[in-house]
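Here's the structure, in structure tokens; my notes come after.
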Amino acid sequence: MAAITFDHCVIHVGDWQRSIAFYRDVLGAEIVPNGKGAHFRFGPAQLNTHGPDQIGHPRAQMPVMPGNSDICFEWHGDIEGAAAHLARHQVPVELGPVQRSGARGTGTSLYFRDPDGSLLEFIVYGKA
């Protein structure tokens, strides 16, 4: 079998400019213009987007709506730095720090929300 790696998934946003600013400024995404909106690139992985007046085809049987996503990002630093970063951007932490399991094992996580209410997580592996 050929090697398989994660490439992208799709989220739905309610307001292009608000979401572009959040994913660029808070999560450090590279903004990739796409039609009326944009995709959000994080190194080799990407969040494709559906949004106002732009929905891709084909699409999932039951397409995700704004606020229905749950996505984890690895924070490359300590958990205190992640909390300080969110505070600087006035993004409240909903839960954490808490121990969670991720792609690389057990880590320490903080949970917060994007402007549409989707649940986002920063996980730190190793030193908490």
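Going by the structure tokens order, chains are called A, B, ..., each with residues numbered from 1, while ligands are numbered from 1 in the order shown.
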
>> as a list in words, please: the residues near Asp53 in chain A (cut-off 12 Å, only C-alpha atoms, same-chain neighbours under 6 positions excluded).
In response: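 Contacts, with the query itself left out: His12, Val13, Gly14, Asp15, Trp16, Gly35, Lys36 and Gly37 of chain A.
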
> What residues in chain A get the DSSP label strand (DSSP E)? Please answer as a ChimeraX atom specification.
Replying inline: /A:8-12,30-34,37-42,45-50,70-74,95-102,105-113,119-125

Store the residues picked out above, limited to N, CA and C atoms, as a short mmCIF file (atom, residue, chain, number, x, y, z; two decimals), in the first residue's frame.
```cif
data_model
loop_
_atom_site.label_atom_id
_atom_site.label_comp_id
_atom_site.auth_asym_id
_atom_site.auth_seq_id
_atom_site.Cartn_x
_atom_site.Cartn_y
_atom_site.Cartn_z
N HIS A 8 -6.03 17.71 3.59
CA HIS A 8 -6.93 18.80 3.98
C HIS A 8 -8.27 18.27 4.45
N CYS A 9 -9.00 19.12 5.14
CA CYS A 9 -10.40 18.87 5.46
C CYS A 9 -11.13 20.19 5.21
N VAL A 10 -12.45 20.16 5.34
CA VAL A 10 -13.25 21.33 5.01
C VAL A 10 -14.00 21.82 6.24
N ILE A 11 -13.97 23.13 6.45
CA ILE A 11 -14.78 23.77 7.47
C ILE A 11 -15.71 24.76 6.77
N HIS A 12 -16.76 25.13 7.45
CA HIS A 12 -17.70 26.11 6.91
C HIS A 12 -17.60 27.35 7.79
N GLU A 30 -1.40 30.52 6.54
CA GLU A 30 -1.15 31.17 5.26
C GLU A 30 -2.52 31.24 4.58
N ILE A 31 -2.90 32.42 4.11
CA ILE A 31 -4.20 32.61 3.48
C ILE A 31 -4.05 32.36 1.98
N VAL A 32 -4.81 31.41 1.47
CA VAL A 32 -4.77 31.04 0.05
C VAL A 32 -6.10 31.47 -0.57
N PRO A 33 -6.11 32.58 -1.33
CA PRO A 33 -7.37 33.05 -1.91
C PRO A 33 -8.04 31.95 -2.74
N ASN A 34 -9.37 31.90 -2.62
CA ASN A 34 -10.16 30.92 -3.36
C ASN A 34 -11.54 31.50 -3.62
N GLY A 37 -13.69 33.56 -1.10
CA GLY A 37 -13.11 33.38 0.22
C GLY A 37 -11.65 32.99 0.16
N ALA A 38 -11.27 32.07 1.03
CA ALA A 38 -9.88 31.63 1.11
C ALA A 38 -9.82 30.28 1.81
N HIS A 39 -8.70 29.59 1.59
CA HIS A 39 -8.36 28.40 2.36
C HIS A 39 -7.27 28.80 3.34
N PHE A 40 -7.09 28.00 4.39
CA PHE A 40 -6.12 28.28 5.43
C PHE A 40 -5.08 27.18 5.44
N ARG A 41 -3.83 27.53 5.12
CA ARG A 41 -2.76 26.53 5.01
C ARG A 41 -1.85 26.60 6.23
N PHE A 42 -1.54 25.40 6.75
CA PHE A 42 -0.64 25.22 7.89
C PHE A 42 0.44 24.26 7.46
N ALA A 45 -0.52 20.89 5.55
CA ALA A 45 -1.95 20.60 5.67
C ALA A 45 -2.76 21.88 5.45
N GLN A 46 -4.01 21.70 5.11
CA GLN A 46 -4.84 22.85 4.77
C GLN A 46 -6.27 22.65 5.24
N LEU A 47 -6.90 23.75 5.64
CA LEU A 47 -8.34 23.78 5.89
C LEU A 47 -8.98 24.43 4.67
N ASN A 48 -9.69 23.65 3.88
CA ASN A 48 -10.47 24.24 2.80
C ASN A 48 -11.74 24.79 3.44
N THR A 49 -12.38 25.73 2.77
CA THR A 49 -13.53 26.38 3.37
C THR A 49 -14.73 26.42 2.44
N HIS A 50 -15.89 26.33 3.08
CA HIS A 50 -17.15 26.69 2.45
C HIS A 50 -17.61 27.92 3.22
N ASP A 70 -14.46 20.58 14.92
CA ASP A 70 -13.66 20.32 16.12
C ASP A 70 -12.28 19.94 15.62
N ILE A 71 -11.30 20.86 15.77
CA ILE A 71 -10.00 20.69 15.13
C ILE A 71 -8.89 20.95 16.14
N CYS A 72 -7.85 20.12 16.11
CA CYS A 72 -6.71 20.27 17.01
C CYS A 72 -5.48 20.70 16.21
N PHE A 73 -4.73 21.65 16.78
CA PHE A 73 -3.47 22.12 16.21
C PHE A 73 -2.37 21.89 17.23
N GLU A 74 -1.20 21.43 16.78
CA GLU A 74 -0.07 21.29 17.70
C GLU A 74 0.58 22.65 17.90
N LEU A 95 -11.41 25.48 28.13
CA LEU A 95 -11.01 24.38 29.00
C LEU A 95 -9.51 24.19 28.90
N GLY A 96 -8.90 23.94 30.03
CA GLY A 96 -7.48 23.60 30.02
C GLY A 96 -6.69 24.49 30.94
N PRO A 97 -5.45 24.06 31.13
CA PRO A 97 -4.80 22.91 30.49
C PRO A 97 -5.32 21.57 31.04
N VAL A 98 -5.47 20.62 30.12
CA VAL A 98 -5.91 19.26 30.44
C VAL A 98 -5.10 18.27 29.62
N GLN A 99 -4.94 17.06 30.15
CA GLN A 99 -4.24 16.00 29.42
C GLN A 99 -5.18 15.42 28.36
N ARG A 100 -4.66 15.24 27.15
CA ARG A 100 -5.43 14.67 26.05
C ARG A 100 -4.53 13.78 25.21
N SER A 101 -5.16 12.95 24.41
CA SER A 101 -4.46 12.08 23.47
C SER A 101 -4.56 12.68 22.08
N GLY A 102 -3.42 12.72 21.39
CA GLY A 102 -3.40 13.25 20.02
C GLY A 102 -2.62 12.34 19.10
N GLY A 105 0.61 11.02 20.66
CA GLY A 105 0.56 10.48 22.01
C GLY A 105 -0.16 11.42 22.95
N THR A 106 0.23 11.37 24.23
CA THR A 106 -0.41 12.20 25.23
C THR A 106 0.21 13.58 25.26
N GLY A 107 -0.63 14.58 25.38
CA GLY A 107 -0.17 15.96 25.45
C GLY A 107 -1.04 16.76 26.40
N THR A 108 -0.72 18.03 26.50
CA THR A 108 -1.49 18.96 27.32
C THR A 108 -2.20 19.92 26.37
N SER A 109 -3.50 20.11 26.60
CA SER A 109 -4.32 20.87 25.65
C SER A 109 -5.05 22.04 26.28
N LEU A 110 -5.30 23.03 25.43
CA LEU A 110 -6.20 24.14 25.72
C LEU A 110 -7.28 24.13 24.66
N TYR A 111 -8.51 24.41 25.06
CA TYR A 111 -9.63 24.47 24.13
C TYR A 111 -10.16 25.89 24.04
N PHE A 112 -10.51 26.31 22.83
CA PHE A 112 -11.03 27.65 22.58
C PHE A 112 -11.91 27.58 21.34
N ARG A 113 -12.52 28.69 20.94
CA ARG A 113 -13.45 28.68 19.81
C ARG A 113 -13.05 29.69 18.75
N LEU A 119 -15.01 24.34 17.80
CA LEU A 119 -14.10 24.04 18.90
C LEU A 119 -12.70 23.80 18.35
N LEU A 120 -11.73 24.56 18.86
CA LEU A 120 -10.34 24.42 18.46
C LEU A 120 -9.51 24.04 19.67
N GLU A 121 -8.40 23.38 19.42
CA GLU A 121 -7.54 22.90 20.50
C GLU A 121 -6.09 23.14 20.11
N PHE A 122 -5.31 23.62 21.07
CA PHE A 122 -3.85 23.61 20.97
C PHE A 122 -3.39 22.46 21.85
N ILE A 123 -2.56 21.56 21.29
CA ILE A 123 -1.97 20.49 22.09
C ILE A 123 -0.45 20.67 22.10
N VAL A 124 0.14 20.45 23.26
CA VAL A 124 1.59 20.51 23.43
C VAL A 124 2.04 19.12 23.87
N TYR A 125 2.99 18.54 23.14
CA TYR A 125 3.55 17.24 23.51
C TYR A 125 4.83 17.46 24.31
#
```

> His85 in chain A: which residues within 10 Å, counting only C-alpha atoms, same-chain residues fewer than 6 positions away excluded, as a ChimeraX atom specification?
Replying inline: /A:26-27,79,91

> Which residue, A:Pro92, A:Tyr23, A:Asp116, A:Gly126, has the smallest gap to Pro66 in chain A when you use only C-alpha atoms?
Replying inline: A:Asp116

> Tell me, which residues of chain A carry DSSP alpha helix (DSSP H), written as a list in words?
Replying inline: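 Here is the list: Trp16, Gln17, Arg18, Ser19, Ile20, Ala21, Phe22, Tyr23, Arg24, Asp25, Ile79, Glu80, Gly81, Ala82, Ala83, Ala84, His85, Leu86, Ala87 and Arg88 of chain A.
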
Okay, now the selection with N, CA, C and O atoms, as a compact mmCIF listing (two decimals), in the first residue's frame?
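Written file, part-v8.txt:
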```txt
# COMPACT_ATOMS: atom_id res chain seq x y z
N TRP A 16 -16.47 35.65 5.78
CA TRP A 16 -15.13 35.47 5.21
C TRP A 16 -14.08 36.32 5.91
O TRP A 16 -13.04 35.81 6.33
N GLN A 17 -14.29 37.63 5.99
CA GLN A 17 -13.26 38.51 6.51
C GLN A 17 -12.94 38.23 7.98
O GLN A 17 -11.79 38.23 8.38
N ARG A 18 -13.98 37.97 8.78
CA ARG A 18 -13.77 37.66 10.19
C ARG A 18 -12.96 36.38 10.35
O ARG A 18 -12.03 36.31 11.15
N SER A 19 -13.30 35.35 9.56
CA SER A 19 -12.59 34.07 9.66
C SER A 19 -11.18 34.16 9.12
O SER A 19 -10.25 33.60 9.71
N ILE A 20 -10.99 34.88 8.02
CA ILE A 20 -9.64 35.06 7.48
C ILE A 20 -8.76 35.74 8.52
O ILE A 20 -7.63 35.30 8.78
N ALA A 21 -9.25 36.80 9.15
CA ALA A 21 -8.46 37.51 10.16
C ALA A 21 -8.12 36.59 11.34
O ALA A 21 -6.98 36.57 11.80
N PHE A 22 -9.09 35.80 11.82
CA PHE A 22 -8.85 34.92 12.95
C PHE A 22 -7.82 33.84 12.61
O PHE A 22 -6.85 33.65 13.36
N TYR A 23 -8.02 33.13 11.51
CA TYR A 23 -7.11 32.03 11.19
C TYR A 23 -5.72 32.54 10.81
O TYR A 23 -4.72 31.88 11.09
N ARG A 24 -5.62 33.74 10.26
CA ARG A 24 -4.32 34.34 9.95
C ARG A 24 -3.64 34.84 11.22
O ARG A 24 -2.50 34.50 11.50
N ASP A 25 -4.36 35.65 12.01
CA ASP A 25 -3.74 36.33 13.14
C ASP A 25 -3.57 35.45 14.37
O ASP A 25 -2.56 35.54 15.06
N ILE A 79 2.70 25.14 27.12
CA ILE A 79 1.26 25.41 27.23
C ILE A 79 1.02 26.82 27.76
O ILE A 79 0.04 27.47 27.39
N GLU A 80 1.93 27.32 28.59
CA GLU A 80 1.81 28.69 29.09
C GLU A 80 1.94 29.69 27.94
O GLU A 80 1.23 30.70 27.92
N GLY A 81 2.81 29.39 27.00
CA GLY A 81 2.96 30.26 25.83
C GLY A 81 1.72 30.25 24.97
O GLY A 81 1.30 31.29 24.42
N ALA A 82 1.09 29.08 24.85
CA ALA A 82 -0.16 28.98 24.08
C ALA A 82 -1.25 29.81 24.75
O ALA A 82 -1.99 30.54 24.08
N ALA A 83 -1.36 29.71 26.08
CA ALA A 83 -2.37 30.47 26.81
C ALA A 83 -2.12 31.97 26.69
O ALA A 83 -3.06 32.76 26.47
N ALA A 84 -0.86 32.39 26.78
CA ALA A 84 -0.52 33.80 26.64
C ALA A 84 -0.84 34.31 25.24
O ALA A 84 -1.34 35.43 25.06
N HIS A 85 -0.57 33.49 24.23
CA HIS A 85 -0.87 33.86 22.84
C HIS A 85 -2.37 34.09 22.66
O HIS A 85 -2.79 35.10 22.08
N LEU A 86 -3.18 33.18 23.18
CA LEU A 86 -4.64 33.35 23.08
C LEU A 86 -5.09 34.60 23.83
O LEU A 86 -5.93 35.36 23.32
N ALA A 87 -4.53 34.84 25.00
CA ALA A 87 -4.90 36.03 25.78
C ALA A 87 -4.56 37.31 25.02
O ALA A 87 -5.35 38.25 25.02
N ARG A 88 -3.39 37.34 24.37
CA ARG A 88 -2.99 38.53 23.58
C ARG A 88 -4.00 38.82 22.48
O ARG A 88 -4.19 39.97 22.10
```

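In terms of minimum interatomic distance to Ser69 in chain A, A:Ser118 ranks closest within A:Ser118, A:Ala2, A:Gly28, A:Pro52, counting only C-alpha atoms.
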
> Separation of CA of Pro44 in chain A and CA of Asp7 in chain A, in Å?
Replying inline: 6.9 Å
